[in-house]
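Chemist: Sending over entry-v8.cif (mmCIF, C-alpha atoms).
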```
data_coords
#
loop_
_atom_site.label_atom_id
_atom_site.label_comp_id
_atom_site.auth_asym_id
_atom_site.auth_seq_id
_atom_site.Cartn_x
_atom_site.Cartn_y
_atom_site.Cartn_z
CA MET A 1 -110.67 71.52 27.90
CA THR A 2 -108.89 74.11 25.75
CA ILE A 3 -105.26 73.88 24.69
CA SER A 4 -103.29 76.97 23.80
CA LEU A 5 -101.23 77.21 20.64
CA GLU A 6 -98.00 77.09 22.69
CA HIS A 7 -99.05 73.82 24.35
CA LEU A 8 -100.06 72.39 20.98
CA GLU A 9 -96.61 73.21 19.57
CA PHE A 10 -95.03 71.59 22.63
CA PHE A 11 -97.13 68.43 22.12
CA LEU A 12 -96.31 68.24 18.41
CA LEU A 13 -92.58 68.36 19.15
CA ILE A 14 -93.00 65.50 21.63
CA LEU A 15 -94.93 63.55 19.01
CA VAL A 16 -92.24 64.18 16.41
CA ARG A 17 -89.47 62.81 18.63
CA ILE A 18 -91.57 59.77 19.56
CA SER A 19 -92.43 59.14 15.90
CA GLY A 20 -88.77 59.32 14.89
CA PHE A 21 -87.93 56.83 17.60
CA MET A 22 -90.70 54.47 16.46
CA VAL A 23 -89.38 54.52 12.88
CA ALA A 24 -85.91 53.26 13.84
CA ALA A 25 -86.25 51.49 17.21
CA PRO A 26 -86.21 47.69 17.51
CA ILE A 27 -89.59 45.93 17.68
CA PHE A 28 -91.50 49.15 16.92
CA SER A 29 -89.90 49.57 13.48
CA LEU A 30 -90.92 46.13 12.17
CA ARG A 31 -92.65 46.42 8.82
CA ASN A 32 -95.22 43.76 9.62
CA ILE A 33 -96.71 46.04 12.29
CA PRO A 34 -99.54 48.08 10.70
CA MET A 35 -98.78 51.77 10.30
CA ARG A 36 -102.05 52.66 12.04
CA VAL A 37 -100.93 50.75 15.13
CA LYS A 38 -97.60 52.56 15.16
CA THR A 39 -99.30 55.93 14.71
CA LEU A 40 -101.81 55.35 17.49
CA LEU A 41 -99.09 54.06 19.81
CA ALA A 42 -96.92 57.11 19.12
CA ILE A 43 -99.84 59.45 19.79
CA ALA A 44 -100.77 57.60 23.00
CA ILE A 45 -97.19 57.75 24.33
CA ALA A 46 -96.92 61.41 23.34
CA ILE A 47 -100.12 62.25 25.24
CA VAL A 48 -98.82 60.54 28.37
CA ILE A 49 -95.46 62.30 28.13
CA PHE A 50 -97.20 65.64 27.50
CA HIS A 51 -98.96 65.34 30.87
CA VAL A 52 -95.85 64.08 32.69
CA VAL A 53 -93.02 66.24 31.37
CA PRO A 54 -93.01 69.83 32.67
CA TYR A 55 -94.03 72.35 30.03
CA ARG A 56 -91.19 74.30 28.48
CA GLU A 57 -91.75 77.23 26.18
CA VAL A 58 -90.36 76.65 22.70
CA ILE A 59 -88.48 79.78 21.69
CA TYR A 60 -88.43 80.64 17.99
CA SER A 61 -88.91 83.76 15.88
CA THR A 62 -89.99 82.54 12.47
CA THR A 63 -91.71 79.54 10.95
CA LEU A 64 -88.39 78.46 9.50
CA GLU A 65 -86.85 78.31 12.99
CA TYR A 66 -89.76 76.20 14.24
CA ALA A 67 -89.28 73.87 11.26
CA PHE A 68 -85.61 73.55 12.24
CA VAL A 69 -86.66 72.61 15.79
CA VAL A 70 -89.03 69.98 14.37
CA ILE A 71 -86.22 68.51 12.25
CA THR A 72 -83.82 68.34 15.21
CA GLU A 73 -86.46 66.60 17.33
CA MET A 74 -87.08 64.10 14.54
CA LEU A 75 -83.34 63.47 14.18
CA ALA A 76 -83.00 62.96 17.95
CA GLY A 77 -85.69 60.27 17.89
CA LEU A 78 -84.23 58.62 14.79
CA ILE A 79 -80.71 58.55 16.23
CA MET A 80 -81.80 57.07 19.56
CA GLY A 81 -83.92 54.45 17.79
CA PHE A 82 -81.13 53.55 15.38
CA MET A 83 -78.53 53.28 18.14
CA ALA A 84 -80.81 50.83 19.97
CA ASN A 85 -81.57 48.87 16.81
CA VAL A 86 -77.97 48.65 15.61
CA ALA A 87 -77.18 46.10 18.33
CA TYR A 88 -79.24 43.54 16.37
CA TYR A 89 -76.71 43.65 13.53
CA ILE A 90 -74.34 41.73 15.81
CA LEU A 91 -76.65 38.72 15.52
CA SER A 92 -76.62 38.86 11.72
CA PHE A 93 -72.82 39.06 11.76
CA ALA A 94 -72.53 36.10 14.14
CA GLY A 95 -75.03 34.05 12.14
CA GLN A 96 -73.16 34.75 8.92
CA ILE A 97 -69.87 33.58 10.43
CA ILE A 98 -71.51 30.45 11.88
CA ASP A 99 -73.11 29.50 8.55
CA GLN A 100 -69.83 30.13 6.77
CA GLU A 101 -68.03 27.74 9.11
CA ILE A 102 -70.69 25.05 8.92
CA GLY A 103 -71.27 25.34 5.18
CA PHE A 104 -74.67 27.05 5.05
CA SER A 105 -73.39 30.41 3.82
CA MET A 106 -74.69 29.77 0.28
CA VAL A 107 -78.24 29.46 1.61
CA ASN A 108 -79.60 32.98 2.15
CA GLN A 109 -83.12 34.07 2.96
CA TYR A 110 -84.93 37.26 2.07
CA ASP A 111 -86.26 38.87 5.22
CA PRO A 112 -89.36 40.91 4.22
CA ILE A 113 -89.28 42.77 7.54
CA THR A 114 -85.80 44.22 7.11
CA SER A 115 -85.67 43.90 3.27
CA THR A 116 -82.20 42.30 3.45
CA GLN A 117 -80.60 38.96 2.61
CA VAL A 118 -79.87 37.06 5.82
CA THR A 119 -78.42 33.67 6.60
CA ILE A 120 -80.43 30.92 8.27
CA THR A 121 -78.66 31.06 11.63
CA GLY A 122 -78.56 34.86 11.67
CA ASN A 123 -82.29 35.00 11.00
CA PHE A 124 -82.96 32.49 13.75
CA TYR A 125 -80.86 34.37 16.28
CA THR A 126 -82.51 37.67 15.39
CA TYR A 127 -86.04 36.38 15.89
CA ALA A 128 -85.09 34.37 18.98
CA VAL A 129 -83.60 37.45 20.67
CA MET A 130 -86.55 39.54 19.49
CA LEU A 131 -88.84 37.04 21.20
CA MET A 132 -86.73 37.37 24.35
CA VAL A 133 -87.21 41.13 24.12
CA MET A 134 -90.98 40.70 24.21
CA ILE A 135 -90.90 38.07 26.96
CA THR A 136 -88.63 40.09 29.26
CA ASN A 137 -90.51 43.37 28.60
CA MET A 138 -87.38 44.94 27.15
CA HIS A 139 -89.62 47.05 24.92
CA HIS A 140 -90.87 48.71 28.10
CA TYR A 141 -87.31 49.80 28.79
CA LEU A 142 -87.16 51.34 25.31
CA ILE A 143 -90.31 53.33 26.04
CA ARG A 144 -88.87 54.46 29.39
CA ALA A 145 -85.64 55.44 27.64
CA ILE A 146 -87.37 57.74 25.15
CA THR A 147 -89.51 59.11 27.98
CA ASP A 148 -86.51 59.87 30.19
CA SER A 149 -84.81 61.59 27.27
CA PHE A 150 -87.29 64.45 27.63
CA TYR A 151 -85.90 65.12 31.11
CA VAL A 152 -82.26 64.98 29.96
CA ILE A 153 -82.91 66.78 26.65
CA PRO A 154 -85.90 69.10 27.08
CA VAL A 155 -88.18 69.74 24.12
CA GLY A 156 -86.70 72.29 21.74
CA SER A 157 -83.16 72.05 23.13
CA VAL A 158 -81.73 69.29 20.96
CA VAL A 159 -78.15 70.04 19.94
CA ILE A 160 -76.58 67.20 17.97
CA ASP A 161 -72.89 66.89 18.76
CA PHE A 162 -70.84 65.82 15.74
CA ASN A 163 -68.63 63.79 18.07
CA LEU A 164 -71.45 61.26 18.08
CA TYR A 165 -69.27 59.12 15.85
CA GLU A 166 -67.28 58.24 19.00
CA VAL A 167 -70.23 56.08 20.07
CA MET A 168 -70.15 54.26 16.74
CA LYS A 169 -66.38 53.74 17.04
CA ARG A 170 -66.89 51.98 20.35
CA PHE A 171 -69.77 49.98 18.89
CA VAL A 172 -67.60 48.68 16.03
CA VAL A 173 -65.25 47.20 18.63
CA ASP A 174 -68.16 45.60 20.50
CA TYR A 175 -69.62 44.48 17.17
CA PHE A 176 -66.70 42.13 16.52
CA PHE A 177 -66.05 41.32 20.19
CA ILE A 178 -69.61 40.21 20.99
CA GLY A 179 -70.05 38.59 17.59
CA PHE A 180 -67.00 36.37 18.03
CA ARG A 181 -68.05 35.55 21.59
CA ILE A 182 -71.28 34.14 20.16
CA VAL A 183 -69.41 32.22 17.43
CA LEU A 184 -66.64 30.92 19.72
CA PRO A 185 -68.23 27.46 20.45
CA ILE A 186 -68.55 26.80 16.71
CA PHE A 187 -64.99 27.94 16.10
CA ALA A 188 -63.65 25.67 18.86
CA SER A 189 -65.60 22.57 17.81
CA LEU A 190 -64.78 22.91 14.12
CA LEU A 191 -61.12 23.53 14.96
CA VAL A 192 -61.10 20.12 16.64
CA VAL A 193 -62.83 18.60 13.60
CA ASN A 194 -60.31 20.13 11.19
CA THR A 195 -57.45 18.86 13.35
CA ILE A 196 -58.87 15.33 13.29
CA LEU A 197 -59.39 15.48 9.54
CA ALA A 198 -55.81 16.66 9.05
CA ILE A 199 -54.51 13.73 11.08
CA LEU A 200 -56.69 11.27 9.15
CA ALA A 201 -55.50 12.74 5.86
CA ARG A 202 -51.92 11.90 6.84
CA VAL A 203 -52.76 8.47 8.24
CA ALA A 204 -55.11 7.36 5.46
CA PRO A 205 -54.40 9.47 2.34
CA GLN A 206 -56.65 7.24 0.22
CA MET A 207 -59.72 8.56 2.04
CA ASN A 208 -61.57 11.50 0.45
CA MET A 209 -61.40 13.99 3.31
CA PHE A 210 -63.29 16.63 1.38
CA VAL A 211 -66.47 14.54 1.23
CA ILE A 212 -66.08 13.27 4.80
CA GLY A 213 -65.17 16.69 6.19
CA LEU A 214 -68.13 18.43 4.54
CA GLN A 215 -70.63 16.05 6.11
CA LEU A 216 -68.82 15.92 9.43
CA LYS A 217 -68.71 19.72 9.74
CA VAL A 218 -72.44 19.96 9.13
CA PHE A 219 -73.19 17.25 11.69
CA VAL A 220 -70.89 18.69 14.37
CA GLY A 221 -71.98 22.26 13.62
CA LEU A 222 -75.68 21.43 13.98
CA ALA A 223 -75.02 19.50 17.20
CA VAL A 224 -73.15 22.47 18.69
CA LEU A 225 -75.87 24.84 17.50
CA VAL A 226 -78.45 22.83 19.42
CA LEU A 227 -76.37 23.30 22.57
CA MET A 228 -75.89 26.98 21.78
CA PHE A 229 -79.63 27.49 21.38
CA MET A 230 -80.02 26.36 24.97
CA MET A 231 -77.85 29.33 25.95
CA ILE A 232 -79.87 31.85 23.95
CA THR A 233 -80.63 33.78 27.13
CA GLY A 234 -76.93 34.58 27.52
CA VAL A 235 -76.78 35.84 23.93
CA ALA A 236 -79.89 37.95 24.50
CA ASP A 237 -78.32 39.43 27.63
CA LEU A 238 -75.25 40.50 25.66
CA ILE A 239 -77.45 42.23 23.07
CA PHE A 240 -79.61 43.86 25.79
CA GLN A 241 -76.56 45.26 27.56
CA GLU A 242 -75.16 46.62 24.31
CA MET A 243 -78.51 48.17 23.45
CA ILE A 244 -78.77 49.88 26.84
CA SER A 245 -75.18 51.07 26.61
CA MET A 246 -75.72 52.55 23.15
CA ILE A 247 -78.79 54.51 24.27
CA ARG A 248 -77.11 55.83 27.42
CA GLU A 249 -74.01 56.94 25.54
CA THR A 250 -76.00 58.55 22.74
CA ILE A 251 -78.32 60.80 24.74
CA PRO A 252 -75.58 63.18 26.04
CA TYR A 253 -74.44 63.79 22.46
CA LEU A 254 -77.96 64.92 21.56
CA GLY A 255 -77.95 67.51 24.31
CA GLY A 256 -74.65 69.07 23.33
CA ALA A 257 -72.84 67.61 26.35
CA GLY A 258 -71.22 64.59 24.69
CA GLY A 259 -67.89 66.17 23.98
#
```
Once you've parsed the file, please lay out its structure as C-alpha cells.
Modeler:
Amino acid sequence: MTISLEHLEFFLLILVRISGFMVAAPIFSLRNIPMRVKTLLAIAIAIVIFHVVPYREVIYSTTLEYAFVVITEMLAGLIMGFMANVAYYILSFAGQIIDQEIGFSMVNQYDPITSTQVTITGNFYTYAVMLMVMITNMHHYLIRAITDSFYVIPVGSVVIDFNLYEVMKRFVVDYFFIGFRIVLPIFASLLVVNTILAILARVAPQMNMFVIGLQLKVFVGLAVLVLMFMMITGVADLIFQEMISMIRETIPYLGGAGG
C-alpha cells in the first residue's frame, strides 16, 4: 500500500494534534508513564483517526506556512489537553483548604508526577479521582473528545480565538465554587467545634483551649474526612462535569467560532 505525500502530511498533522493533547491531558500526561508508551499510543490513535476522518487537502505555499500549520495543530492539542487537566487543580485547592482548617497545612509532599508541593488531602483527592477516571472509563471520553475535534475543527483549519480567556474566566468562578463545595462539610463541622471551644473558654477560662482545640480539630476533621471519602464519587462527578464543560467550551474557540 502506497501513501502519497499529501496523505502523509495529513497524517502528520493528525499525529501532531494528538501528541499535543497527550502532553497536557489528564492521565496521559503523567510522568510515570513511559514515553515510548505515550508515543505508541499517539501513533495508534492517529492511525485510527487517519482512516476515519475524511481526507482534507492541506493548503500551503511554502515550507514556512506548513510549519505554521504544524504549530497551530500542536497548540490546539495542548490547549484542549490543558483545559481538561486544569479541572484537577480544584482538588489541590480543596485539599489545601481542608488541611489548613484541620492543621495539616505544614505537612507538604513532593509529587514526582506533577513536580509540585501538594498537601496530604489534596494528593489523596487527586489520586482518588484519577482512579475513578480509570474505573469509569473517563479516559475513553477524552480520546473521543480529541477524535471528535477533527470533525469540528478539520486538519489545517485551526484558528485560535484570543477570546479563549473567556473560558478561563468562567473556570476561575467554578474553581472556587466547586472547591468550597468540597470543603463545606469540614467548614461546617469545624465551625461547630470553634463555637463549642469559645463557649468553654468563657465558662472555664482556666482550661487551655489552644491545646484542647488543636487536638479536637484534628480528631473531628479526620472523622469528617472519613465520611467525605465515602462520597468521593460525588466529588469525582463534579470534576468530570467541569472537565467535559471545559473541553466543549474550548473547541469552538480553536475553530475561530468562539467569539
Chemist: Could you tell me how far atom CA of Gln241 of chain A sits from atom CA of His140 of chain A, in Å to one decimal place?
Modeler: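 One can read the atom CA of His140 of chain A to atom CA of Gln241 of chain A distance as 14.7 Å.
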Chemist: Which is closer to Ala46 of chain A than all the others in A:Gln109, A:Ser19, A:Asn194, A:Ser245, using only C-alpha atoms?
Modeler: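 Among A:Gln109, A:Ser19, A:Asn194, A:Ser245, it is A:Ser19 that comes nearest to Ala46 of chain A.
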Chemist: Between A:Glu57, A:Ala67, A:Ser92, A:Val167, which one has atoms that come closest to Ser4 of chain A, using all atoms listed in the file?
Modeler: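 Distance minimum relative to Ser4 of chain A lands on A:Glu57.
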Chemist: For the PyMOL selection byres ((chain A and resi 70) around 9), applied here, can you spell out every residue it catches as a list in words?
Modeler: Leu12, Leu13, Val16, Arg17, Glu65, Tyr66, Ala67, Phe68, Val69, Ile71, Thr72, Glu73, Met74, Leu75 and Gly156 of chain A
Chemist: Enter the distance from atom CA of Thr136 of chain A to atom CA of Ile45 of chain A, in Å, rounded to one decimal.
Modeler: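 Distance reported for this atom pair: 20.2 Å.
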Chemist: So that I can check the surroundings of segment 23-40 of chain A, please list as number ranges by chain every protein, DNA and RNA residue that reaches within 6 Å of it, counting all atoms listed in the file and ignoring chain neighbours fewer than 5 positions away.
Modeler: A: 78, 81-82, 85, 113
Chemist: What residues come out when you apply the PyMOL selection byres ((chain A and resi 224) around 12) to this file, written as a PDB file with C-alpha atoms, in the frame of the given file?
Modeler:
```pdb
ATOM      1  CA  ILE A  98     -71.510  30.450  11.880  1.00  0.00           C
ATOM      2  CA  ILE A 102     -70.690  25.050   8.920  1.00  0.00           C
ATOM      3  CA  ILE A 182     -71.280  34.140  20.160  1.00  0.00           C
ATOM      4  CA  VAL A 183     -69.410  32.220  17.430  1.00  0.00           C
ATOM      5  CA  LEU A 184     -66.640  30.920  19.720  1.00  0.00           C
ATOM      6  CA  PRO A 185     -68.230  27.460  20.450  1.00  0.00           C
ATOM      7  CA  ILE A 186     -68.550  26.800  16.710  1.00  0.00           C
ATOM      8  CA  PHE A 187     -64.990  27.940  16.100  1.00  0.00           C
ATOM      9  CA  ALA A 188     -63.650  25.670  18.860  1.00  0.00           C
ATOM     10  CA  SER A 189     -65.600  22.570  17.810  1.00  0.00           C
ATOM     11  CA  LEU A 190     -64.780  22.910  14.120  1.00  0.00           C
ATOM     12  CA  LYS A 217     -68.710  19.720   9.740  1.00  0.00           C
ATOM     13  CA  VAL A 218     -72.440  19.960   9.130  1.00  0.00           C
ATOM     14  CA  PHE A 219     -73.190  17.250  11.690  1.00  0.00           C
ATOM     15  CA  VAL A 220     -70.890  18.690  14.370  1.00  0.00           C
ATOM     16  CA  GLY A 221     -71.980  22.260  13.620  1.00  0.00           C
ATOM     17  CA  LEU A 222     -75.680  21.430  13.980  1.00  0.00           C
ATOM     18  CA  ALA A 223     -75.020  19.500  17.200  1.00  0.00           C
ATOM     19  CA  LEU A 225     -75.870  24.840  17.500  1.00  0.00           C
ATOM     20  CA  VAL A 226     -78.450  22.830  19.420  1.00  0.00           C
ATOM     21  CA  LEU A 227     -76.370  23.300  22.570  1.00  0.00           C
ATOM     22  CA  MET A 228     -75.890  26.980  21.780  1.00  0.00           C
ATOM     23  CA  PHE A 229     -79.630  27.490  21.380  1.00  0.00           C
ATOM     24  CA  MET A 230     -80.020  26.360  24.970  1.00  0.00           C
ATOM     25  CA  MET A 231     -77.850  29.330  25.950  1.00  0.00           C
TER      26      MET A 231
END
```
Chemist: Might you spell out which residues the PyMOL selection byres ((chain A and resi 195-198) around 12) would select in the displayed file, as a list in words?
Modeler: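 Checked against the file, the PyMOL selection byres ((chain A and resi 195-198) around 12) matches Ala188, Ser189, Leu190, Leu191, Val192, Val193, Asn194, Ile199, Leu200, Ala201, Arg202, Val203, Ala204, Pro205, Met207, Asn208, Met209, Phe210, Val211, Ile212, Gly213, Leu214, Gln215, Leu216 and Lys217 of chain A.
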Chemist: Nearest to Ile244 of chain A among A:Val152, A:Val118, A:Met106, A:Ala87, with distances taken over all atoms listed in the file: which residue is it?
Modeler: A:Ala87
Chemist: Considering only C-alpha atoms, can you say which of A:Leu41, A:Val53, A:Val48, A:Val235 comes closest to Phe180 of chain A?
Modeler: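 Going through A:Leu41, A:Val53, A:Val48, A:Val235 one by one, the smallest distance to Phe180 of chain A is for A:Val235.
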Chemist: Restricting the calculation to all atoms listed in the file, which member of A:Gly255, A:Gly234, A:Pro154, A:Gly179 is positioned closest to Val58 of chain A?
Modeler: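 Closest to Val58 of chain A of all the choices is A:Pro154.
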Chemist: How many Å separate atom CA of Arg170 of chain A from atom CA of Arg248 of chain A?
Modeler: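 Distance between the two atoms: 13.0 Å.
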Chemist: Give, as lines of an AutoDock Vina configuration file, the centre coordinates and the x, y and z edge lengths in Å to one decimal for an axis-aligned box around all listed atoms of segment 149-160 of chain A, padded by 3 Å on each side.
Modeler:
```
center_x = -82.4
center_y = 66.9
center_z = 24.5
size_x = 17.6
size_y = 16.7
size_z = 19.1
```
Chemist: Residues near Leu164 of chain A, anyone? I mean within 8 Å using all atoms listed in the file, not counting same-chain ones fewer than 2 positions away, as a list in words.
Modeler: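 The neighbour list is Ile160, Asp161, Phe162, Glu166, Val167, Met168, Thr250, Tyr253 and Gly258 of chain A.
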